[in-house]
file work-v1.cif (mmCIF, C-alpha atoms and all ligand atoms)
data_protein
loop_
_atom_site.label_atom_id
_atom_site.label_comp_id
_atom_site.auth_asym_id
_atom_site.auth_seq_id
_atom_site.Cartn_x
_atom_site.Cartn_y
_atom_site.Cartn_z
CA MET A 1 116.64 113.47 70.09
CA ALA A 2 116.66 114.18 73.82
CA SER A 3 118.12 111.77 76.40
CA PHE A 4 116.32 108.66 77.52
CA ILE A 5 117.26 107.53 81.03
CA VAL A 6 115.95 104.39 82.73
CA PHE A 7 116.03 103.31 86.39
CA GLU A 8 116.10 99.61 87.16
CA GLY A 9 116.35 97.49 90.30
CA ILE A 10 114.51 94.93 92.36
CA ASP A 11 111.35 95.86 94.22
CA GLY A 12 112.05 98.25 97.08
CA SER A 13 115.51 99.27 95.83
CA GLY A 14 114.65 102.97 96.00
CA LYS A 15 114.69 103.60 92.26
CA SER A 16 111.36 105.44 92.18
CA THR A 17 112.66 107.93 94.77
CA GLN A 18 115.83 108.49 92.75
CA ALA A 19 113.88 108.81 89.48
CA LYS A 20 111.76 111.56 91.07
CA ALA A 21 114.84 113.28 92.48
CA LEU A 22 116.45 113.33 89.04
CA LEU A 23 113.29 114.79 87.51
CA GLN A 24 113.37 117.59 90.11
CA ARG A 25 117.02 118.34 89.35
CA LEU A 26 116.27 118.62 85.64
CA ARG A 27 113.25 120.82 86.23
CA ARG A 28 115.23 123.13 88.52
CA ARG A 29 117.62 123.63 85.64
CA ASN A 30 114.73 124.29 83.22
CA ILE A 31 115.52 121.17 81.23
CA PRO A 32 112.22 119.87 79.78
CA ALA A 33 111.73 116.39 81.20
CA LEU A 34 109.05 113.85 81.97
CA LEU A 35 108.96 110.88 84.29
CA THR A 36 107.04 107.75 83.40
CA HIS A 37 106.92 104.20 84.71
CA GLU A 38 106.33 100.62 83.62
CA PRO A 39 103.97 98.97 83.52
CA GLY A 40 101.76 102.00 83.02
CA GLY A 41 102.14 105.55 81.80
CA THR A 42 99.20 105.37 79.37
CA PRO A 43 95.49 104.60 79.94
CA LEU A 44 95.99 101.10 78.47
CA GLY A 45 99.18 100.57 80.47
CA GLU A 46 97.48 101.53 83.72
CA GLN A 47 94.68 99.02 83.04
CA LEU A 48 97.25 96.31 82.33
CA ARG A 49 99.18 97.28 85.46
CA ARG A 50 96.13 96.41 87.56
CA TRP A 51 96.07 92.91 86.08
CA LEU A 52 99.80 92.46 86.35
CA LYS A 53 100.08 93.55 89.96
CA GLY A 54 96.88 91.87 91.11
CA ARG A 55 96.77 88.27 92.06
CA ALA A 56 95.14 87.13 88.84
CA ASP A 57 97.26 83.94 88.55
CA LEU A 58 98.44 84.83 85.04
CA SER A 59 100.39 82.26 83.07
CA PRO A 60 104.03 83.37 82.58
CA LEU A 61 103.47 83.84 78.84
CA ALA A 62 100.27 85.84 79.38
CA GLU A 63 102.16 87.99 81.89
CA LEU A 64 105.01 88.58 79.42
CA THR A 65 102.72 89.66 76.60
CA LEU A 66 100.85 92.11 78.85
CA PHE A 67 104.11 93.79 79.90
CA VAL A 68 105.10 93.98 76.24
CA ALA A 69 101.72 95.43 75.22
CA ALA A 70 101.98 98.11 77.91
CA ARG A 71 105.51 98.94 76.69
CA ALA A 72 104.52 99.16 73.01
CA GLN A 73 101.77 101.63 73.90
CA LEU A 74 104.06 103.70 76.15
CA VAL A 75 106.84 103.94 73.55
CA ASP A 76 104.45 104.84 70.75
CA LYS A 77 102.25 107.32 72.60
CA VAL A 78 104.56 108.89 75.17
CA ILE A 79 108.29 108.17 74.99
CA THR A 80 109.02 108.57 71.28
CA PRO A 81 106.94 111.73 70.80
CA ALA A 82 108.56 113.30 73.88
CA LEU A 83 112.11 112.48 72.77
CA LYS A 84 111.37 113.81 69.29
CA SER A 85 110.15 117.09 70.72
CA GLY A 86 113.31 117.51 72.80
CA VAL A 87 111.95 116.36 76.15
CA THR A 88 114.28 114.22 78.29
CA VAL A 89 112.45 111.04 79.32
CA ILE A 90 113.08 109.24 82.62
CA SER A 91 111.42 105.84 82.97
CA ASP A 92 111.04 103.85 86.14
CA ARG A 93 111.72 100.41 84.54
CA PHE A 94 111.95 99.43 80.86
CA THR A 95 113.07 96.43 78.76
CA ALA A 96 115.70 95.22 81.25
CA SER A 97 112.90 94.51 83.75
CA THR A 98 111.39 91.98 81.37
CA VAL A 99 114.74 90.28 80.84
CA ALA A 100 115.26 90.13 84.62
CA TYR A 101 111.75 89.22 85.84
CA GLN A 102 110.21 87.19 83.01
CA GLY A 103 113.52 85.88 81.61
CA HIS A 104 115.66 84.99 84.61
CA GLY A 105 112.92 85.16 87.25
CA ARG A 106 110.18 83.18 85.50
CA GLY A 107 112.55 81.27 83.21
CA LEU A 108 110.99 82.28 79.88
CA ASP A 109 113.04 82.06 76.70
CA LEU A 110 115.45 85.01 76.44
CA ASP A 111 115.45 85.09 72.63
CA LEU A 112 111.67 85.39 72.70
CA ILE A 113 111.88 88.20 75.25
CA ASN A 114 114.57 90.07 73.35
CA GLY A 115 112.56 89.76 70.13
CA LEU A 116 109.41 91.06 71.80
CA ASN A 117 111.35 93.91 73.42
CA VAL A 118 112.72 95.00 70.05
CA ALA A 119 109.23 94.81 68.52
CA ALA A 120 107.65 96.81 71.36
CA THR A 121 110.29 99.54 71.33
CA GLY A 122 111.01 99.68 67.61
CA GLY A 123 114.64 99.32 68.67
CA LEU A 124 114.60 102.36 70.96
CA ALA A 125 117.18 101.83 73.71
CA PRO A 126 117.97 104.02 76.72
CA GLY A 127 121.07 106.20 76.54
CA LEU A 128 121.69 105.29 80.17
CA THR A 129 120.25 102.63 82.47
CA ILE A 130 120.85 103.20 86.17
CA LEU A 131 120.79 100.01 88.22
CA ILE A 132 120.17 100.57 91.91
CA ASP A 133 121.54 97.39 93.36
CA MET A 134 120.54 95.93 96.69
CA PRO A 135 120.23 92.42 98.14
CA PRO A 136 116.58 91.30 98.25
CA GLU A 137 116.94 90.66 101.99
CA GLU A 138 117.27 94.42 102.45
CA SER A 139 114.92 95.75 99.81
CA LEU A 140 112.00 93.47 100.65
CA ALA A 141 112.36 94.20 104.34
CA ARG A 142 111.43 97.79 103.44
CA ARG A 143 108.07 96.65 102.13
CA ASN A 144 105.33 95.78 104.50
CA ASP A 145 103.73 92.37 104.20
CA ALA A 146 100.17 93.60 103.94
CA GLY A 147 99.57 95.14 100.51
CA GLN A 148 102.27 93.12 98.76
CA ASP A 149 101.57 92.58 95.07
CA SER A 150 102.09 89.45 92.98
CA PHE A 151 105.81 90.18 92.54
CA GLU A 152 106.65 91.38 96.03
CA SER A 153 105.13 88.24 97.47
CA ALA A 154 107.23 85.95 95.20
CA PRO A 155 109.78 83.70 96.95
CA TRP A 156 113.25 85.03 97.85
CA GLU A 157 114.80 82.83 95.23
CA PHE A 158 112.87 84.68 92.53
CA HIS A 159 114.19 88.06 93.70
CA ARG A 160 117.71 86.69 93.92
CA LYS A 161 117.54 85.57 90.28
CA VAL A 162 116.18 88.96 89.24
CA ARG A 163 119.05 90.72 91.00
CA GLU A 164 121.63 88.42 89.40
CA SER A 165 120.14 89.11 85.98
CA TYR A 166 120.38 92.86 86.53
CA LEU A 167 124.01 92.58 87.60
CA ALA A 168 124.81 90.46 84.54
CA GLN A 169 123.06 92.95 82.21
CA ALA A 170 125.00 95.84 83.76
CA ALA A 171 128.30 93.95 83.46
CA ALA A 172 127.60 93.13 79.80
CA ASN A 173 126.88 96.79 78.93
CA PRO A 174 129.31 98.88 80.99
CA ASP A 175 129.11 101.86 78.59
CA ASP A 176 125.32 102.23 78.83
CA TRP A 177 124.72 101.17 82.45
CA LEU A 178 125.57 102.77 85.76
CA LEU A 179 125.66 100.39 88.72
CA VAL A 180 125.12 102.07 92.08
CA ASP A 181 124.84 100.76 95.61
CA GLY A 182 121.28 101.29 96.85
CA ALA A 183 122.28 100.83 100.49
CA GLN A 184 124.17 104.15 100.63
CA ASP A 185 122.77 107.45 101.82
CA LYS A 186 120.00 108.71 99.48
CA ARG A 187 121.59 112.09 98.90
CA ARG A 188 124.97 110.65 98.07
CA LEU A 189 123.28 108.23 95.71
CA GLY A 190 121.44 111.10 94.01
CA GLN A 191 124.71 112.97 93.59
CA GLN A 192 126.45 109.93 92.08
CA ILE A 193 123.61 109.55 89.58
CA TRP A 194 123.66 113.25 88.72
CA GLU A 195 127.41 113.19 87.97
CA LYS A 196 126.78 110.50 85.39
CA VAL A 197 123.65 112.09 83.87
CA LYS A 198 124.96 115.68 83.63
CA PRO A 199 127.28 115.12 80.64
CA LEU A 200 124.48 113.41 78.68
CA LEU A 201 122.24 116.46 78.71
P1 LIG B 1 105.81 98.49 90.74
O1 LIG B 1 104.85 98.81 91.82
O2 LIG B 1 106.00 99.51 89.66
O3 LIG B 1 107.13 98.08 91.44
P2 LIG B 1 108.42 98.87 91.64
O4 LIG B 1 108.05 100.07 92.47
O5 LIG B 1 109.32 97.90 92.33
O6 LIG B 1 108.88 99.24 90.25
O7 LIG B 1 105.42 97.09 90.11
C1 LIG B 1 105.94 96.65 88.95
C2 LIG B 1 106.24 95.18 89.10
O8 LIG B 1 106.26 94.61 87.81
C3 LIG B 1 107.60 94.95 89.71
O9 LIG B 1 107.50 93.93 90.69
C4 LIG B 1 108.43 94.45 88.57
C5 LIG B 1 107.44 93.87 87.63
N1 LIG B 1 107.82 93.95 86.20
C6 LIG B 1 108.06 92.77 85.49
O10 LIG B 1 107.97 91.67 86.05
N2 LIG B 1 108.37 92.84 84.18
C7 LIG B 1 108.45 94.01 83.49
O11 LIG B 1 108.74 94.04 82.28
C8 LIG B 1 108.20 95.23 84.24
C9 LIG B 1 108.25 96.55 83.54
C10 LIG B 1 107.88 95.14 85.58
#
call {"tool": "encode", "arguments": {"input": "work-v1.cif", "output": "structure tokens"}}
result
Amino acid sequence: MASFIVFEGIDGSGKSTQAKALLQRLRRRNIPALLTHEPGGTPLGEQLRRWLKGRADLSPLAELTLFVAARAQLVDKVITPALKSGVTVISDRFTASTVAYQGHGRGLDLDLINGLNVAATGGLAPGLTILIDMPPEESLARRNDAGQDSFESAPWEFHRKVRESYLAQAAANPDDWLLVDGAQDKRRLGQQIWEKVKPLL
């Protein structure tokens, strides 16, 4: 099986930029790779993404199950087939987002979330999760107020809880997580990530 690498972080942490940069590095070295994102990455997932990011006033449990449905479809239709055929998969968000946002952010039961994550992924776990850490004060300031989605417009306290959850998840799994400072220069950050990814390939 090829490598499965996930980027995590609060909104505006710069993880999508770094995920794209890693994809380019792999492609330059002729390593077959694909980049996907959550929620989304399949026709069903993109439909669900519209509901999840819109201001549909979803109940927390409805929200959770939609994220899980999008993930189940993405794992089954995209991630697992790619890994089996030797393609390295990079995902912008995965199961840790649900633990952070729906678990610690929304306060839903963590056993329920972990159970649903295992069901949706069939137990597939990333070989490496890269957490781009940044205080919400900085990351949200990068986003402009107009066009904010249902998560970006959540109160500061919500984003603080999400960040704390990510830091706790990284601390609990030091072998499988890389914690990097999102405030540093983008190039240096890309280099730090590459040093960690290189030996996995
Ligand atoms: P997106 O535009 O992809 O944000 P970002 O660029 O920050 O990744 O929007 C996805 C939003 O969905 C983001 O605010 C995090 C949230 N989310 C959850 O709450 N739970 C989840 O399981 C996932 C995958 C995302």
call {"tool": "residues_around", "arguments": {"input": "work-v1.cif", "residues": "range 78-80 of chain A", "least_positions_apart": "4", "cutoff": "7 Å", "atoms": "all atoms listed in the file", "output": "number ranges by chain"}}
result
A: 74, 84, 89
call {"tool": "residues_around", "arguments": {"input": "work-v1.cif", "residues": "range 118-134 of chain A", "least_positions_apart": "6", "cutoff": "9 Å", "atoms": "only C-alpha atoms", "output": "PyMOL selection string"}}
result
chain A and resi 3-10+12-15+68-76+80+94-96+163+166-167+170+175-183+193+196-197+200
call {"tool": "residues_near_ligand", "arguments": {"input": "work-v1.cif", "ligand": "ligand LIG 1 (chain B)", "cutoff": "10 Å", "atoms": "only C-alpha atoms and all ligand atoms", "output": "PDB file with C-alpha atoms, keeping the file's coordinate frame"}}
result
ATOM      1  CA  PHE A   7     116.030 103.310  86.390  1.00  0.00           C
ATOM      2  CA  GLU A   8     116.100  99.610  87.160  1.00  0.00           C
ATOM      3  CA  GLY A   9     116.350  97.490  90.300  1.00  0.00           C
ATOM      4  CA  ILE A  10     114.510  94.930  92.360  1.00  0.00           C
ATOM      5  CA  ASP A  11     111.350  95.860  94.220  1.00  0.00           C
ATOM      6  CA  GLY A  12     112.050  98.250  97.080  1.00  0.00           C
ATOM      7  CA  SER A  13     115.510  99.270  95.830  1.00  0.00           C
ATOM      8  CA  GLY A  14     114.650 102.970  96.000  1.00  0.00           C
ATOM      9  CA  LYS A  15     114.690 103.600  92.260  1.00  0.00           C
ATOM     10  CA  SER A  16     111.360 105.440  92.180  1.00  0.00           C
ATOM     11  CA  THR A  17     112.660 107.930  94.770  1.00  0.00           C
ATOM     12  CA  HIS A  37     106.920 104.200  84.710  1.00  0.00           C
ATOM     13  CA  GLU A  38     106.330 100.620  83.620  1.00  0.00           C
ATOM     14  CA  PRO A  39     103.970  98.970  83.520  1.00  0.00           C
ATOM     15  CA  GLY A  40     101.760 102.000  83.020  1.00  0.00           C
ATOM     16  CA  ARG A  49      99.180  97.280  85.460  1.00  0.00           C
ATOM     17  CA  ARG A  50      96.130  96.410  87.560  1.00  0.00           C
ATOM     18  CA  LEU A  52      99.800  92.460  86.350  1.00  0.00           C
ATOM     19  CA  LYS A  53     100.080  93.550  89.960  1.00  0.00           C
ATOM     20  CA  PRO A  60     104.030  83.370  82.580  1.00  0.00           C
ATOM     21  CA  GLU A  63     102.160  87.990  81.890  1.00  0.00           C
ATOM     22  CA  LEU A  64     105.010  88.580  79.420  1.00  0.00           C
ATOM     23  CA  THR A  65     102.720  89.660  76.600  1.00  0.00           C
ATOM     24  CA  LEU A  66     100.850  92.110  78.850  1.00  0.00           C
ATOM     25  CA  PHE A  67     104.110  93.790  79.900  1.00  0.00           C
ATOM     26  CA  VAL A  68     105.100  93.980  76.240  1.00  0.00           C
ATOM     27  CA  ALA A  70     101.980  98.110  77.910  1.00  0.00           C
ATOM     28  CA  ARG A  71     105.510  98.940  76.690  1.00  0.00           C
ATOM     29  CA  SER A  91     111.420 105.840  82.970  1.00  0.00           C
ATOM     30  CA  ASP A  92     111.040 103.850  86.140  1.00  0.00           C
ATOM     31  CA  ARG A  93     111.720 100.410  84.540  1.00  0.00           C
ATOM     32  CA  PHE A  94     111.950  99.430  80.860  1.00  0.00           C
ATOM     33  CA  THR A  95     113.070  96.430  78.760  1.00  0.00           C
ATOM     34  CA  ALA A  96     115.700  95.220  81.250  1.00  0.00           C
ATOM     35  CA  SER A  97     112.900  94.510  83.750  1.00  0.00           C
ATOM     36  CA  THR A  98     111.390  91.980  81.370  1.00  0.00           C
ATOM     37  CA  VAL A  99     114.740  90.280  80.840  1.00  0.00           C
ATOM     38  CA  ALA A 100     115.260  90.130  84.620  1.00  0.00           C
ATOM     39  CA  TYR A 101     111.750  89.220  85.840  1.00  0.00           C
ATOM     40  CA  GLN A 102     110.210  87.190  83.010  1.00  0.00           C
ATOM     41  CA  GLY A 103     113.520  85.880  81.610  1.00  0.00           C
ATOM     42  CA  GLY A 105     112.920  85.160  87.250  1.00  0.00           C
ATOM     43  CA  ARG A 106     110.180  83.180  85.500  1.00  0.00           C
ATOM     44  CA  ILE A 113     111.880  88.200  75.250  1.00  0.00           C
ATOM     45  CA  ASN A 117     111.350  93.910  73.420  1.00  0.00           C
ATOM     46  CA  SER A 139     114.920  95.750  99.810  1.00  0.00           C
ATOM     47  CA  LEU A 140     112.000  93.470 100.650  1.00  0.00           C
ATOM     48  CA  ARG A 143     108.070  96.650 102.130  1.00  0.00           C
ATOM     49  CA  GLN A 148     102.270  93.120  98.760  1.00  0.00           C
ATOM     50  CA  ASP A 149     101.570  92.580  95.070  1.00  0.00           C
ATOM     51  CA  SER A 150     102.090  89.450  92.980  1.00  0.00           C
ATOM     52  CA  PHE A 151     105.810  90.180  92.540  1.00  0.00           C
ATOM     53  CA  GLU A 152     106.650  91.380  96.030  1.00  0.00           C
ATOM     54  CA  SER A 153     105.130  88.240  97.470  1.00  0.00           C
ATOM     55  CA  ALA A 154     107.230  85.950  95.200  1.00  0.00           C
ATOM     56  CA  HIS A 159     114.190  88.060  93.700  1.00  0.00           C
ATOM     57  CA  VAL A 162     116.180  88.960  89.240  1.00  0.00           C
TER      58      VAL A 162
END
call {"tool": "atom_distance", "arguments": {"input": "work-v1.cif", "atom1": "CA of Asp109 in chain A", "atom2": "CA of Glu157 in chain A"}}
result
18.6 Å
call {"tool": "residues_around", "arguments": {"input": "work-v1.cif", "residues": "Ile31 in chain A", "least_positions_apart": "4", "cutoff": "8 Å", "atoms": "all atoms listed in the file", "output": "list in words"}}
result
Leu26, Arg27, Val87 and Thr88 of chain A
call {"tool": "build_atoms", "arguments": {"input": "work-v1.cif", "residues": "range 52-63 of chain A", "atoms": "all heavy atoms", "output": "compact mmCIF listing (two decimals), keeping the file's coordinate frame"}}
result
# COMPACT_ATOMS: atom_id res chain seq x y z
N LEU A 52 98.47 93.01 86.12
CA LEU A 52 99.80 92.46 86.35
C LEU A 52 100.17 92.46 87.82
O LEU A 52 100.88 91.57 88.29
CB LEU A 52 100.83 93.25 85.53
CG LEU A 52 100.77 92.94 84.04
CD1 LEU A 52 101.43 94.04 83.21
CD2 LEU A 52 101.45 91.60 83.77
N LYS A 53 99.71 93.47 88.54
CA LYS A 53 100.08 93.55 89.96
C LYS A 53 99.06 92.88 90.87
O LYS A 53 99.33 92.65 92.06
CB LYS A 53 100.27 95.01 90.37
CG LYS A 53 101.59 95.56 89.81
CD LYS A 53 101.80 97.00 90.18
CE LYS A 53 101.80 97.28 91.64
NZ LYS A 53 103.12 97.26 92.25
N GLY A 54 97.89 92.56 90.31
CA GLY A 54 96.88 91.87 91.11
C GLY A 54 97.26 90.40 91.23
O GLY A 54 98.29 89.98 90.72
N ARG A 55 96.44 89.69 91.90
CA ARG A 55 96.77 88.27 92.06
C ARG A 55 95.90 87.44 91.12
O ARG A 55 95.14 86.58 91.54
CB ARG A 55 96.59 87.87 93.51
CG ARG A 55 97.59 88.64 94.38
CD ARG A 55 97.44 88.29 95.83
NE ARG A 55 98.41 89.02 96.62
CZ ARG A 55 99.39 88.43 97.31
NH1 ARG A 55 99.54 87.14 97.29
NH2 ARG A 55 100.20 89.17 98.03
N ALA A 56 96.04 87.73 89.82
CA ALA A 56 95.14 87.13 88.84
C ALA A 56 95.61 85.75 88.38
O ALA A 56 94.99 85.14 87.53
CB ALA A 56 95.02 88.06 87.64
N ASP A 57 96.72 85.24 88.93
CA ASP A 57 97.26 83.94 88.55
C ASP A 57 97.46 83.84 87.04
O ASP A 57 96.95 82.92 86.38
CB ASP A 57 96.31 82.82 89.06
CG ASP A 57 96.99 81.46 88.95
OD1 ASP A 57 98.23 81.43 88.92
OD2 ASP A 57 96.26 80.45 88.85
N LEU A 58 98.18 84.82 86.48
CA LEU A 58 98.44 84.83 85.04
C LEU A 58 99.47 83.76 84.70
O LEU A 58 100.38 83.51 85.48
CB LEU A 58 99.02 86.19 84.64
CG LEU A 58 98.15 87.42 84.88
CD1 LEU A 58 98.93 88.69 84.54
CD2 LEU A 58 96.87 87.34 84.06
N SER A 59 99.33 83.17 83.51
CA SER A 59 100.39 82.26 83.07
C SER A 59 101.62 83.12 82.74
O SER A 59 101.47 84.30 82.38
CB SER A 59 99.94 81.48 81.83
OG SER A 59 100.17 82.25 80.67
N PRO A 60 102.83 82.57 82.85
CA PRO A 60 104.03 83.37 82.58
C PRO A 60 104.00 84.02 81.19
O PRO A 60 104.39 85.16 81.02
CB PRO A 60 105.18 82.37 82.71
CG PRO A 60 104.65 81.35 83.68
CD PRO A 60 103.18 81.23 83.39
N LEU A 61 103.49 83.29 80.20
CA LEU A 61 103.47 83.84 78.84
C LEU A 61 102.43 84.97 78.73
O LEU A 61 102.68 85.99 78.07
CB LEU A 61 103.18 82.74 77.82
CG LEU A 61 103.39 83.16 76.37
CD1 LEU A 61 104.82 83.62 76.11
CD2 LEU A 61 103.03 82.01 75.43
N ALA A 62 101.29 84.78 79.38
CA ALA A 62 100.27 85.84 79.38
C ALA A 62 100.84 87.09 80.04
O ALA A 62 100.70 88.21 79.55
CB ALA A 62 99.01 85.37 80.11
N GLU A 63 101.54 86.87 81.16
CA GLU A 63 102.16 87.99 81.89
C GLU A 63 103.14 88.73 80.97
O GLU A 63 103.10 89.96 80.85
CB GLU A 63 102.88 87.43 83.11
CG GLU A 63 103.56 88.47 83.97
CD GLU A 63 104.37 87.81 85.07
OE1 GLU A 63 103.80 87.57 86.15
OE2 GLU A 63 105.57 87.52 84.86
